[in-house]
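Asker: Next comes model.pdb, PDB, C-alpha atoms, pLDDT in the B column:
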```pdb
ATOM      1  CA  MET A   1      42.083  -1.264  41.645  1.00 80.00           C
ATOM      2  CA  LYS A   2      41.059   2.083  40.135  1.00 89.00           C
ATOM      3  CA  LYS A   3      42.911   3.306  37.052  1.00 93.00           C
ATOM      4  CA  VAL A   4      44.047   6.935  36.726  1.00 95.00           C
ATOM      5  CA  LEU A   5      45.143   8.649  33.511  1.00 95.00           C
ATOM      6  CA  VAL A   6      47.714  11.347  34.316  1.00 96.00           C
ATOM      7  CA  CYS A   7      48.345  13.864  31.534  1.00 95.00           C
ATOM      8  CA  GLU A   8      51.113  16.243  32.605  1.00 93.00           C
ATOM      9  CA  ASP A   9      53.862  17.616  30.352  1.00 90.00           C
ATOM     10  CA  GLU A  10      56.285  18.506  33.173  1.00 91.00           C
ATOM     11  CA  ALA A  11      58.181  15.249  33.694  1.00 93.00           C
ATOM     12  CA  ALA A  12      59.158  15.921  37.314  1.00 93.00           C
ATOM     13  CA  ILE A  13      55.585  16.704  38.361  1.00 92.00           C
ATOM     14  CA  ARG A  14      54.212  13.741  36.407  1.00 93.00           C
ATOM     15  CA  GLU A  15      56.716  11.360  37.995  1.00 95.00           C
ATOM     16  CA  PHE A  16      55.898  12.687  41.485  1.00 94.00           C
ATOM     17  CA  VAL A  17      52.151  12.217  40.944  1.00 94.00           C
ATOM     18  CA  VAL A  18      52.520   8.788  39.329  1.00 95.00           C
ATOM     19  CA  ILE A  19      54.771   7.424  42.083  1.00 95.00           C
ATOM     20  CA  ASN A  20      52.493   8.622  44.854  1.00 94.00           C
ATOM     21  CA  LEU A  21      49.342   7.375  43.156  1.00 94.00           C
ATOM     22  CA  LYS A  22      50.881   3.920  42.816  1.00 94.00           C
ATOM     23  CA  ARG A  23      51.875   4.012  46.482  1.00 92.00           C
ATOM     24  CA  SER A  24      48.260   4.882  47.271  1.00 94.00           C
ATOM     25  CA  GLY A  25      47.018   1.757  45.496  1.00 92.00           C
ATOM     26  CA  TYR A  26      46.088   3.110  42.071  1.00 94.00           C
ATOM     27  CA  GLU A  27      46.966   1.790  38.635  1.00 93.00           C
ATOM     28  CA  VAL A  28      48.343   4.642  36.530  1.00 95.00           C
ATOM     29  CA  VAL A  29      48.463   5.399  32.813  1.00 95.00           C
ATOM     30  CA  GLU A  30      50.665   8.412  32.061  1.00 94.00           C
ATOM     31  CA  ALA A  31      50.939  10.819  29.148  1.00 94.00           C
ATOM     32  CA  GLY A  32      53.047  13.884  28.423  1.00 93.00           C
ATOM     33  CA  SER A  33      50.791  15.500  25.834  1.00 93.00           C
ATOM     34  CA  GLY A  34      47.149  15.767  24.857  1.00 92.00           C
ATOM     35  CA  GLU A  35      47.496  13.520  21.833  1.00 94.00           C
ATOM     36  CA  GLU A  36      49.271  10.873  23.896  1.00 95.00           C
ATOM     37  CA  ALA A  37      46.509  11.071  26.504  1.00 93.00           C
ATOM     38  CA  LEU A  38      43.845  10.407  23.861  1.00 92.00           C
ATOM     39  CA  GLN A  39      45.889   7.515  22.483  1.00 92.00           C
ATOM     40  CA  LYS A  40      46.392   5.962  25.919  1.00 92.00           C
ATOM     41  CA  TYR A  41      42.707   6.386  26.749  1.00 91.00           C
ATOM     42  CA  ASP A  42      41.698   4.652  23.519  1.00 88.00           C
ATOM     43  CA  GLU A  43      44.144   1.824  24.230  1.00 90.00           C
ATOM     44  CA  GLU A  44      42.445   1.308  27.598  1.00 85.00           C
ATOM     45  CA  LYS A  45      39.075   1.028  25.774  1.00 78.00           C
ATOM     46  CA  GLY A  46      37.297   3.260  28.262  1.00 64.00           C
ATOM     47  CA  GLY A  47      38.742   1.418  31.250  1.00 82.00           C
ATOM     48  CA  VAL A  48      40.104   4.586  32.870  1.00 89.00           C
ATOM     49  CA  ASP A  49      38.266   5.524  36.082  1.00 90.00           C
ATOM     50  CA  ILE A  50      39.445   9.149  36.293  1.00 93.00           C
ATOM     51  CA  ALA A  51      41.669  11.499  34.278  1.00 93.00           C
ATOM     52  CA  LEU A  52      44.015  14.191  35.611  1.00 95.00           C
ATOM     53  CA  LEU A  53      44.495  16.681  32.801  1.00 92.00           C
ATOM     54  CA  ASP A  54      46.887  19.613  32.676  1.00 91.00           C
ATOM     55  CA  ILE A  55      45.433  22.603  30.834  1.00 88.00           C
ATOM     56  CA  MET A  56      48.699  24.039  29.518  1.00 87.00           C
ATOM     57  CA  LEU A  57      49.994  21.280  27.240  1.00 89.00           C
ATOM     58  CA  PRO A  58      52.808  21.426  24.651  1.00 90.00           C
ATOM     59  CA  ASP A  59      50.487  20.394  21.818  1.00 91.00           C
ATOM     60  CA  GLY A  60      47.467  22.532  22.634  1.00 86.00           C
ATOM     61  CA  ASN A  61      44.893  23.615  25.183  1.00 87.00           C
ATOM     62  CA  GLY A  62      43.964  20.867  27.619  1.00 86.00           C
ATOM     63  CA  LEU A  63      40.330  21.970  27.518  1.00 86.00           C
ATOM     64  CA  GLU A  64      40.138  20.959  23.862  1.00 87.00           C
ATOM     65  CA  TYR A  65      41.561  17.529  24.673  1.00 88.00           C
ATOM     66  CA  MET A  66      39.065  17.244  27.508  1.00 87.00           C
ATOM     67  CA  LYS A  67      36.244  17.807  25.005  1.00 83.00           C
ATOM     68  CA  ALA A  68      37.784  15.130  22.774  1.00 84.00           C
ATOM     69  CA  LEU A  69      37.742  12.688  25.707  1.00 82.00           C
ATOM     70  CA  ARG A  70      34.063  13.483  26.274  1.00 75.00           C
ATOM     71  CA  GLN A  71      32.987  13.156  22.654  1.00 71.00           C
ATOM     72  CA  GLY A  72      33.116  10.101  20.440  1.00 60.00           C
ATOM     73  CA  ARG A  73      34.795   7.913  23.043  1.00 66.00           C
ATOM     74  CA  GLU A  74      33.621   5.086  25.254  1.00 62.00           C
ATOM     75  CA  GLY A  75      32.708   5.930  28.824  1.00 61.00           C
ATOM     76  CA  ASP A  76      32.240   9.247  30.627  1.00 72.00           C
ATOM     77  CA  VAL A  77      35.376   9.548  32.725  1.00 85.00           C
ATOM     78  CA  PRO A  78      35.504  12.146  35.550  1.00 90.00           C
ATOM     79  CA  ILE A  79      38.135  14.789  34.749  1.00 92.00           C
ATOM     80  CA  LEU A  80      40.193  16.732  37.291  1.00 94.00           C
ATOM     81  CA  LEU A  81      41.873  19.746  35.691  1.00 91.00           C
ATOM     82  CA  LEU A  82      45.365  20.681  36.886  1.00 88.00           C
ATOM     83  CA  THR A  83      46.837  24.064  36.036  1.00 83.00           C
ATOM     84  CA  GLY A  84      48.987  27.000  37.046  1.00 79.00           C
ATOM     85  CA  LEU A  85      46.203  29.360  35.935  1.00 74.00           C
ATOM     86  CA  THR A  86      44.631  30.762  39.087  1.00 70.00           C
ATOM     87  CA  SER A  87      42.179  33.498  38.097  1.00 72.00           C
ATOM     88  CA  GLN A  88      38.485  33.061  38.822  1.00 72.00           C
ATOM     89  CA  GLU A  89      37.751  33.338  35.100  1.00 76.00           C
ATOM     90  CA  ASP A  90      40.110  30.427  34.360  1.00 74.00           C
ATOM     91  CA  VAL A  91      38.423  28.265  36.991  1.00 75.00           C
ATOM     92  CA  ILE A  92      34.959  29.071  35.643  1.00 78.00           C
ATOM     93  CA  GLN A  93      36.068  28.403  32.058  1.00 77.00           C
ATOM     94  CA  GLY A  94      37.526  25.022  32.990  1.00 77.00           C
ATOM     95  CA  LEU A  95      34.428  23.865  34.837  1.00 79.00           C
ATOM     96  CA  ALA A  96      32.057  25.275  32.220  1.00 75.00           C
ATOM     97  CA  ALA A  97      33.954  23.377  29.511  1.00 76.00           C
ATOM     98  CA  GLY A  98      33.154  20.081  31.244  1.00 77.00           C
ATOM     99  CA  GLY A  99      35.725  19.625  34.003  1.00 85.00           C
ATOM    100  CA  ASP A 100      34.450  17.912  37.154  1.00 88.00           C
ATOM    101  CA  ASP A 101      36.927  19.624  39.469  1.00 90.00           C
ATOM    102  CA  TYR A 102      39.865  22.042  39.300  1.00 88.00           C
ATOM    103  CA  LEU A 103      43.140  22.132  41.226  1.00 89.00           C
ATOM    104  CA  THR A 104      45.771  24.853  40.858  1.00 86.00           C
ATOM    105  CA  LYS A 105      49.537  24.363  41.042  1.00 86.00           C
ATOM    106  CA  PRO A 106      51.442  24.035  43.245  1.00 86.00           C
ATOM    107  CA  TYR A 107      49.378  21.538  45.206  1.00 89.00           C
ATOM    108  CA  ASP A 108      50.072  19.054  47.983  1.00 92.00           C
ATOM    109  CA  PHE A 109      49.594  15.407  47.049  1.00 93.00           C
ATOM    110  CA  PRO A 110      47.182  14.673  49.972  1.00 93.00           C
ATOM    111  CA  ILE A 111      44.862  17.369  48.594  1.00 94.00           C
ATOM    112  CA  LEU A 112      45.120  15.912  45.070  1.00 94.00           C
ATOM    113  CA  LEU A 113      44.397  12.449  46.454  1.00 94.00           C
ATOM    114  CA  ALA A 114      41.362  13.719  48.391  1.00 94.00           C
ATOM    115  CA  ARG A 115      39.962  15.354  45.233  1.00 93.00           C
ATOM    116  CA  ILE A 116      40.480  12.133  43.255  1.00 94.00           C
ATOM    117  CA  GLU A 117      38.755  10.022  45.882  1.00 93.00           C
ATOM    118  CA  ALA A 118      35.820  12.473  46.103  1.00 92.00           C
ATOM    119  CA  LEU A 119      35.280  12.323  42.325  1.00 91.00           C
ATOM    120  CA  LEU A 120      35.496   8.529  42.328  1.00 90.00           C
ATOM    121  CA  ARG A 121      32.952   8.276  45.155  1.00 88.00           C
ATOM    122  CA  ARG A 122      30.619  10.534  43.205  1.00 85.00           C
ATOM    123  CA  ALA A 123      31.059   8.421  40.055  1.00 79.00           C
ATOM    124  CA  ASP A 124      30.382   5.199  41.997  1.00 76.00           C
ATOM    125  CA  ARG A 125      27.022   6.570  43.138  1.00 66.00           C
ATOM    126  CA  ILE A 126      25.857   6.956  39.545  1.00 64.00           C
ATOM    127  CA  PRO A 127      23.617   3.979  38.673  1.00 69.00           C
ATOM    128  CA  LYS A 128      25.069   1.509  36.177  1.00 73.00           C
ATOM    129  CA  THR A 129      21.706   0.959  34.496  1.00 84.00           C
ATOM    130  CA  LEU A 130      18.616   3.076  33.867  1.00 86.00           C
ATOM    131  CA  GLN A 131      15.161   1.780  33.007  1.00 88.00           C
ATOM    132  CA  ALA A 132      11.906   3.194  31.657  1.00 89.00           C
ATOM    133  CA  GLY A 133       9.236   0.715  30.648  1.00 87.00           C
ATOM    134  CA  LYS A 134      10.831  -1.761  28.259  1.00 90.00           C
ATOM    135  CA  LEU A 135      13.894   0.464  27.826  1.00 92.00           C
ATOM    136  CA  VAL A 136      17.101  -0.578  29.581  1.00 93.00           C
ATOM    137  CA  LEU A 137      20.178   1.663  29.377  1.00 91.00           C
ATOM    138  CA  ASP A 138      23.615   0.331  30.293  1.00 86.00           C
ATOM    139  CA  ILE A 139      25.643   3.335  31.431  1.00 77.00           C
ATOM    140  CA  THR A 140      28.959   1.463  31.391  1.00 70.00           C
ATOM    141  CA  SER A 141      28.753   0.295  27.781  1.00 77.00           C
ATOM    142  CA  CYS A 142      26.601   3.240  26.576  1.00 82.00           C
ATOM    143  CA  THR A 143      24.087   0.876  24.988  1.00 88.00           C
ATOM    144  CA  ALA A 144      20.300   0.748  25.126  1.00 92.00           C
ATOM    145  CA  SER A 145      18.066  -2.248  24.603  1.00 93.00           C
ATOM    146  CA  MET A 146      14.363  -3.112  24.503  1.00 92.00           C
ATOM    147  CA  GLU A 147      13.378  -6.639  25.509  1.00 90.00           C
ATOM    148  CA  GLY A 148      16.942  -7.759  24.850  1.00 89.00           C
ATOM    149  CA  ARG A 149      17.210  -6.092  21.425  1.00 92.00           C
ATOM    150  CA  ASP A 150      20.018  -3.571  20.987  1.00 93.00           C
ATOM    151  CA  LEU A 151      18.596  -0.251  19.792  1.00 93.00           C
ATOM    152  CA  LEU A 152      21.893   0.612  18.071  1.00 93.00           C
ATOM    153  CA  LEU A 153      22.007   4.191  19.325  1.00 92.00           C
ATOM    154  CA  THR A 154      24.714   6.649  18.375  1.00 90.00           C
ATOM    155  CA  GLN A 155      26.659   8.233  21.231  1.00 85.00           C
ATOM    156  CA  LYS A 156      24.597  11.418  21.103  1.00 88.00           C
ATOM    157  CA  GLU A 157      21.318   9.488  20.897  1.00 92.00           C
ATOM    158  CA  PHE A 158      22.339   7.495  23.971  1.00 91.00           C
ATOM    159  CA  ALA A 159      23.294  10.683  25.840  1.00 89.00           C
ATOM    160  CA  LEU A 160      19.938  12.238  24.965  1.00 92.00           C
ATOM    161  CA  LEU A 161      17.956   9.171  25.970  1.00 93.00           C
ATOM    162  CA  SER A 162      19.859   8.968  29.266  1.00 91.00           C
ATOM    163  CA  LEU A 163      18.867  12.540  30.088  1.00 90.00           C
ATOM    164  CA  PHE A 164      15.249  11.863  29.160  1.00 93.00           C
ATOM    165  CA  VAL A 165      15.079   8.689  31.262  1.00 91.00           C
ATOM    166  CA  GLN A 166      16.678  10.366  34.273  1.00 87.00           C
ATOM    167  CA  ASN A 167      14.167  13.206  34.009  1.00 88.00           C
ATOM    168  CA  GLN A 168      10.972  11.338  33.120  1.00 88.00           C
ATOM    169  CA  GLY A 169       7.935  13.600  33.014  1.00 88.00           C
ATOM    170  CA  GLN A 170      10.024  16.788  33.145  1.00 91.00           C
ATOM    171  CA  VAL A 171      10.516  19.183  30.258  1.00 92.00           C
ATOM    172  CA  ILE A 172      14.183  19.640  29.344  1.00 92.00           C
ATOM    173  CA  SER A 173      15.086  22.752  27.395  1.00 90.00           C
ATOM    174  CA  GLY A 174      16.845  22.530  24.049  1.00 88.00           C
ATOM    175  CA  GLU A 175      19.627  24.764  25.365  1.00 86.00           C
ATOM    176  CA  TYR A 176      20.323  22.380  28.244  1.00 86.00           C
ATOM    177  CA  LEU A 177      20.331  19.354  25.931  1.00 88.00           C
ATOM    178  CA  TYR A 178      22.788  21.035  23.576  1.00 85.00           C
ATOM    179  CA  GLU A 179      25.120  21.950  26.438  1.00 81.00           C
ATOM    180  CA  LYS A 180      25.065  18.420  27.853  1.00 81.00           C
ATOM    181  CA  VAL A 181      25.180  16.408  24.621  1.00 85.00           C
ATOM    182  CA  TRP A 182      26.889  18.630  22.056  1.00 81.00           C
ATOM    183  CA  LYS A 183      28.959  20.547  24.664  1.00 73.00           C
ATOM    184  CA  THR A 184      27.985  23.839  23.058  1.00 71.00           C
ATOM    185  CA  SER A 185      25.148  26.358  22.932  1.00 68.00           C
ATOM    186  CA  THR A 186      22.451  26.152  20.284  1.00 63.00           C
ATOM    187  CA  ALA A 187      23.421  29.520  18.762  1.00 59.00           C
ATOM    188  CA  GLY A 188      19.886  29.537  17.386  1.00 64.00           C
ATOM    189  CA  ASP A 189      20.360  26.306  15.410  1.00 71.00           C
ATOM    190  CA  THR A 190      18.212  23.430  16.702  1.00 78.00           C
ATOM    191  CA  GLN A 191      18.258  21.185  13.636  1.00 87.00           C
ATOM    192  CA  ALA A 192      20.779  18.683  15.024  1.00 88.00           C
ATOM    193  CA  LEU A 193      18.645  18.231  18.146  1.00 90.00           C
ATOM    194  CA  LYS A 194      15.427  17.889  16.138  1.00 91.00           C
ATOM    195  CA  THR A 195      17.032  15.255  13.918  1.00 93.00           C
ATOM    196  CA  ALA A 196      18.387  13.255  16.864  1.00 93.00           C
ATOM    197  CA  VAL A 197      15.051  13.368  18.691  1.00 94.00           C
ATOM    198  CA  ALA A 198      13.228  12.207  15.544  1.00 95.00           C
ATOM    199  CA  ARG A 199      15.557   9.211  15.256  1.00 95.00           C
ATOM    200  CA  LEU A 200      15.099   8.407  18.945  1.00 94.00           C
ATOM    201  CA  ARG A 201      11.321   8.531  18.674  1.00 94.00           C
ATOM    202  CA  ASN A 202      11.455   5.941  15.933  1.00 94.00           C
ATOM    203  CA  LYS A 203      13.866   3.679  17.812  1.00 94.00           C
ATOM    204  CA  ILE A 204      11.929   3.633  21.103  1.00 94.00           C
ATOM    205  CA  ARG A 205       8.517   2.923  19.586  1.00 90.00           C
ATOM    206  CA  GLU A 206       6.684   0.161  21.456  1.00 88.00           C
ATOM    207  CA  SER A 207       8.736   0.855  24.591  1.00 91.00           C
ATOM    208  CA  GLY A 208       5.775   2.306  26.461  1.00 90.00           C
ATOM    209  CA  PHE A 209       7.317   5.781  26.405  1.00 92.00           C
ATOM    210  CA  CYS A 210       7.422   8.616  23.893  1.00 93.00           C
ATOM    211  CA  ILE A 211       9.331  11.890  23.541  1.00 94.00           C
ATOM    212  CA  VAL A 212       6.898  14.800  23.531  1.00 94.00           C
ATOM    213  CA  SER A 213       7.676  18.293  22.209  1.00 91.00           C
ATOM    214  CA  ALA A 214       6.765  21.149  24.532  1.00 84.00           C
ATOM    215  CA  ARG A 215       6.479  24.050  22.106  1.00 77.00           C
ATOM    216  CA  GLY A 216       8.956  26.795  22.942  1.00 76.00           C
ATOM    217  CA  GLU A 217      10.195  24.915  26.009  1.00 83.00           C
ATOM    218  CA  GLY A 218      11.917  21.675  25.010  1.00 89.00           C
ATOM    219  CA  TYR A 219      11.239  17.937  25.184  1.00 93.00           C
ATOM    220  CA  CYS A 220       9.837  15.504  27.709  1.00 93.00           C
ATOM    221  CA  LEU A 221       9.808  11.702  28.018  1.00 93.00           C
ATOM    222  CA  GLU A 222       6.292  10.593  28.915  1.00 92.00           C
ATOM    223  CA  GLN A 223       4.603   7.270  29.442  1.00 89.00           C
ATOM    224  CA  GLU A 224       2.116   6.414  26.732  1.00 83.00           C
TER
END
```
As structure tokens - that is how I would like this structure written.
Answerer:
Amino acid sequence: MKKVLVCEDEAAIREFVVINLKRSGYEVVEAGSGEEALQKYDEEKGGVDIALLDIMLPDGNGLEYMKALRQGREGDVPILLLTGLTSQEDVIQGLAAGGDDYLTKPYDFPILLARIEALLRRADRIPKTLQAGKLVLDITSCTASMEGRDLLLTQKEFALLSLFVQNQGQVISGEYLYEKVWKTSTAGDTQALKTAVARLRNKIRESGFCIVSARGEGYCLEQE
């Protein structure tokens, strides 16, 4: 049974969505504010399969809470943004901030359900493990090991290594890495990336792979 986190401050809408999701066979965790959503997510220890997040929340902008769900927390839950904001700029902002899909109010429940199921199908197609030489990455637990030894990666180191492994032999720009891992642009400052890459290089020694700098272009994971 898939578990859905529903963060909606309007009680009537939240109750309608929760009831119908349960009737459709889903387990539901509900929250009426951004802070409550983060608390409920942490209580589930990353066991939420998808989050429905209202943008206009009583305690802040839902996009900021979405970033908090993405950073420093276990798992990489798909997020469907729900909002009364309908302009093209609002849609673009929501997706650019990290949302996986966007649905404007009012909406019919069958459409909401179809969007949820599409995101879950997409998430299920993502491999649970990645491998490069002696490196084995567990996507579910966000851990990496080498010949059974935990590499003790930080969250950002794991995210970086995942991108490198998925794009072996291809140069990835620093700008792209910042957007994916730090959820922001470099703004001309690449020190955090350089530091993280240096730590990764040290941790994956003897794996059969190394992270190569492509001057002015980015980084690439290559086989030694």
Asker: Of the residues A:Glu15, A:Glu117, A:Glu64, A:Glu89, which is the one nearest to Leu38 (chain A), using all atoms listed in the file?
Answerer: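 Among A:Glu15, A:Glu117, A:Glu64, A:Glu89, it is A:Glu64 that comes nearest to Leu38 (chain A).
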Asker: Care to translate the PyMOL selection byres ((chain A and resi 91-99) around 12) into actual residues of this file, as a ChimeraX atom specification?
Answerer: /A:50-56,61-71,76-90,100-104,119,179-185
Asker: Mind checking which residues fall within 9 Å of Cys7 (chain A), counting only C-alpha atoms, ignoring those fewer than 6 positions away in the same chain, and posting them as number ranges by chain?
Answerer: A: 14, 29-34, 36-37, 51-54, 57
Asker: I need the residues from that last selection saved to file as a JSON list (two decimals), keeping the file's coordinate frame (with C-alpha atoms), if you can.
Answerer:
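Below is the file out.json, written as the result:
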```
[["chain", "number", "residue", "atom", "x", "y", "z"],
["A", 14, "ARG", "CA", 54.21, 13.74, 36.41],
["A", 29, "VAL", "CA", 48.46, 5.40, 32.81],
["A", 30, "GLU", "CA", 50.66, 8.41, 32.06],
["A", 31, "ALA", "CA", 50.94, 10.82, 29.15],
["A", 32, "GLY", "CA", 53.05, 13.88, 28.42],
["A", 33, "SER", "CA", 50.79, 15.50, 25.83],
["A", 34, "GLY", "CA", 47.15, 15.77, 24.86],
["A", 36, "GLU", "CA", 49.27, 10.87, 23.90],
["A", 37, "ALA", "CA", 46.51, 11.07, 26.50],
["A", 51, "ALA", "CA", 41.67, 11.50, 34.28],
["A", 52, "LEU", "CA", 44.02, 14.19, 35.61],
["A", 53, "LEU", "CA", 44.50, 16.68, 32.80],
["A", 54, "ASP", "CA", 46.89, 19.61, 32.68],
["A", 57, "LEU", "CA", 49.99, 21.28, 27.24]]
```
Asker: Just give me the gap between CA of Ser162 (chain A) and CA of Ile204 (chain A) in Å, one decimal is fine.
Answerer: 12.6 Å
Asker: Rounded to one decimal, what separation in Å do you get between CA of Asp49 (chain A) and CA of Leu120 (chain A)?
Answerer: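 The value is 7.5 Å.
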Asker: Quick one: residues within 9 Å of Val17 (chain A), all atoms listed in the file, excluding same-chain residues fewer than 4 positions away - as an mmCIF file with C-alpha atoms, in the frame of the given file?
Answerer:
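Once written, part_10.cif looks like this:
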```cif
data_model
loop_
_atom_site.group_PDB
_atom_site.id
_atom_site.type_symbol
_atom_site.label_atom_id
_atom_site.label_comp_id
_atom_site.auth_asym_id
_atom_site.auth_seq_id
_atom_site.Cartn_x
_atom_site.Cartn_y
_atom_site.Cartn_z
ATOM 1 C CA VAL A 6 47.714 11.347 34.316
ATOM 2 C CA ALA A 12 59.158 15.921 37.314
ATOM 3 C CA ILE A 13 55.585 16.704 38.361
ATOM 4 C CA LEU A 21 49.342 7.375 43.156
ATOM 5 C CA LYS A 22 50.881 3.920 42.816
ATOM 6 C CA PHE A 109 49.594 15.407 47.049
ATOM 7 C CA LEU A 112 45.120 15.912 45.070
#
```
Asker: Measuring between all atoms listed in the file, which one of A:Lys45, A:Arg201, A:Arg23, A:Lys40 shows the shortest distance to Phe164 (chain A)?
Answerer: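 The closest residue to Phe164 (chain A) is A:Arg201.
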Asker: Measuring between only C-alpha atoms, which one of A:Ser145, A:Pro110, A:Glu222, A:Asp9 shows the shortest distance to Glu35 (chain A)?
Answerer: A:Asp9
Asker: Just how far from CA of Arg121 (chain A) is CA of Glu157 (chain A), in Å to one decimal?
Answerer: 26.9 Å
Asker: Could you spell out the hits of the PyMOL selection byres ((chain A and resi 166) around 12) on the shown file, as a PyMOL selection string?
Answerer: chain A and resi 126-127+129-132+136-137+139+159-165+167-172+220-222
Asker: Keeping only C-alpha atoms, take the residues you just selected and write them out as a short mmCIF file (atom, residue, chain, number, x, y, z; two decimals), keeping the file's coordinate frame.
Answerer:
```cif
data_model
loop_
_atom_site.label_atom_id
_atom_site.label_comp_id
_atom_site.auth_asym_id
_atom_site.auth_seq_id
_atom_site.Cartn_x
_atom_site.Cartn_y
_atom_site.Cartn_z
CA ILE A 126 25.86 6.96 39.54
CA PRO A 127 23.62 3.98 38.67
CA THR A 129 21.71 0.96 34.50
CA LEU A 130 18.62 3.08 33.87
CA GLN A 131 15.16 1.78 33.01
CA ALA A 132 11.91 3.19 31.66
CA VAL A 136 17.10 -0.58 29.58
CA LEU A 137 20.18 1.66 29.38
CA ILE A 139 25.64 3.34 31.43
CA ALA A 159 23.29 10.68 25.84
CA LEU A 160 19.94 12.24 24.96
CA LEU A 161 17.96 9.17 25.97
CA SER A 162 19.86 8.97 29.27
CA LEU A 163 18.87 12.54 30.09
CA PHE A 164 15.25 11.86 29.16
CA VAL A 165 15.08 8.69 31.26
CA ASN A 167 14.17 13.21 34.01
CA GLN A 168 10.97 11.34 33.12
CA GLY A 169 7.94 13.60 33.01
CA GLN A 170 10.02 16.79 33.15
CA VAL A 171 10.52 19.18 30.26
CA ILE A 172 14.18 19.64 29.34
CA CYS A 220 9.84 15.50 27.71
CA LEU A 221 9.81 11.70 28.02
CA GLU A 222 6.29 10.59 28.92
#
```
Asker: Counting all atoms listed in the file, which of A:Glu8, A:Tyr219, A:Lys128, A:Ser213 gets nearest to Lys105 (chain A)?
Answerer: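 Under the stated criterion, the closest residue is A:Glu8.
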Asker: Once the PyMOL selection byres ((chain A and resi 146) around 9) has been applied to the shown file, what residues remain in the selection, as a PyMOL selection string?
Answerer: chain A and resi 133-137+144-145+147-151+204+206-207
Asker: For N, CA and C atoms, please extract region 155-168 of chain A from the block and return it as a CSV table (one decimal), in the first residue's frame.
Answerer:
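Written output follows (out.csv):
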```
chain,number,residue,atom,x,y,z
A,155,GLN,N,24.7,13.6,2.7
A,155,GLN,CA,23.6,13.6,1.7
A,155,GLN,C,24.0,14.2,0.4
A,156,LYS,N,24.8,15.3,0.4
A,156,LYS,CA,25.2,15.9,-0.8
A,156,LYS,C,26.2,15.1,-1.5
A,157,GLU,N,27.1,14.5,-0.8
A,157,GLU,CA,28.1,13.6,-1.5
A,157,GLU,C,27.4,12.4,-2.2
A,158,PHE,N,26.4,11.9,-1.5
A,158,PHE,CA,25.7,10.8,-2.1
A,158,PHE,C,24.9,11.3,-3.4
A,159,ALA,N,24.3,12.4,-3.3
A,159,ALA,CA,23.6,13.0,-4.5
A,159,ALA,C,24.6,13.2,-5.6
A,160,LEU,N,25.7,13.7,-5.3
A,160,LEU,CA,26.7,14.0,-6.4
A,160,LEU,C,27.2,12.6,-7.0
A,161,LEU,N,27.5,11.7,-6.1
A,161,LEU,CA,28.0,10.4,-6.6
A,161,LEU,C,26.9,9.7,-7.5
A,162,SER,N,25.7,9.8,-7.1
A,162,SER,CA,24.6,9.2,-7.9
A,162,SER,C,24.5,9.8,-9.3
A,163,LEU,N,24.7,11.1,-9.4
A,163,LEU,CA,24.7,11.8,-10.7
A,163,LEU,C,25.9,11.3,-11.5
A,164,PHE,N,27.0,11.2,-10.9
A,164,PHE,CA,28.2,10.8,-11.6
A,164,PHE,C,28.1,9.3,-12.1
A,165,VAL,N,27.6,8.5,-11.3
A,165,VAL,CA,27.4,7.1,-11.6
A,165,VAL,C,26.4,6.9,-12.8
A,166,GLN,N,25.3,7.7,-12.7
A,166,GLN,CA,24.3,7.6,-13.7
A,166,GLN,C,24.7,8.2,-15.1
A,167,ASN,N,25.8,9.0,-15.0
A,167,ASN,CA,26.3,9.6,-16.2
A,167,ASN,C,27.8,9.3,-16.4
A,168,GLN,N,28.1,8.1,-16.2
A,168,GLN,CA,29.5,7.7,-16.4
A,168,GLN,C,30.1,8.1,-17.8
```
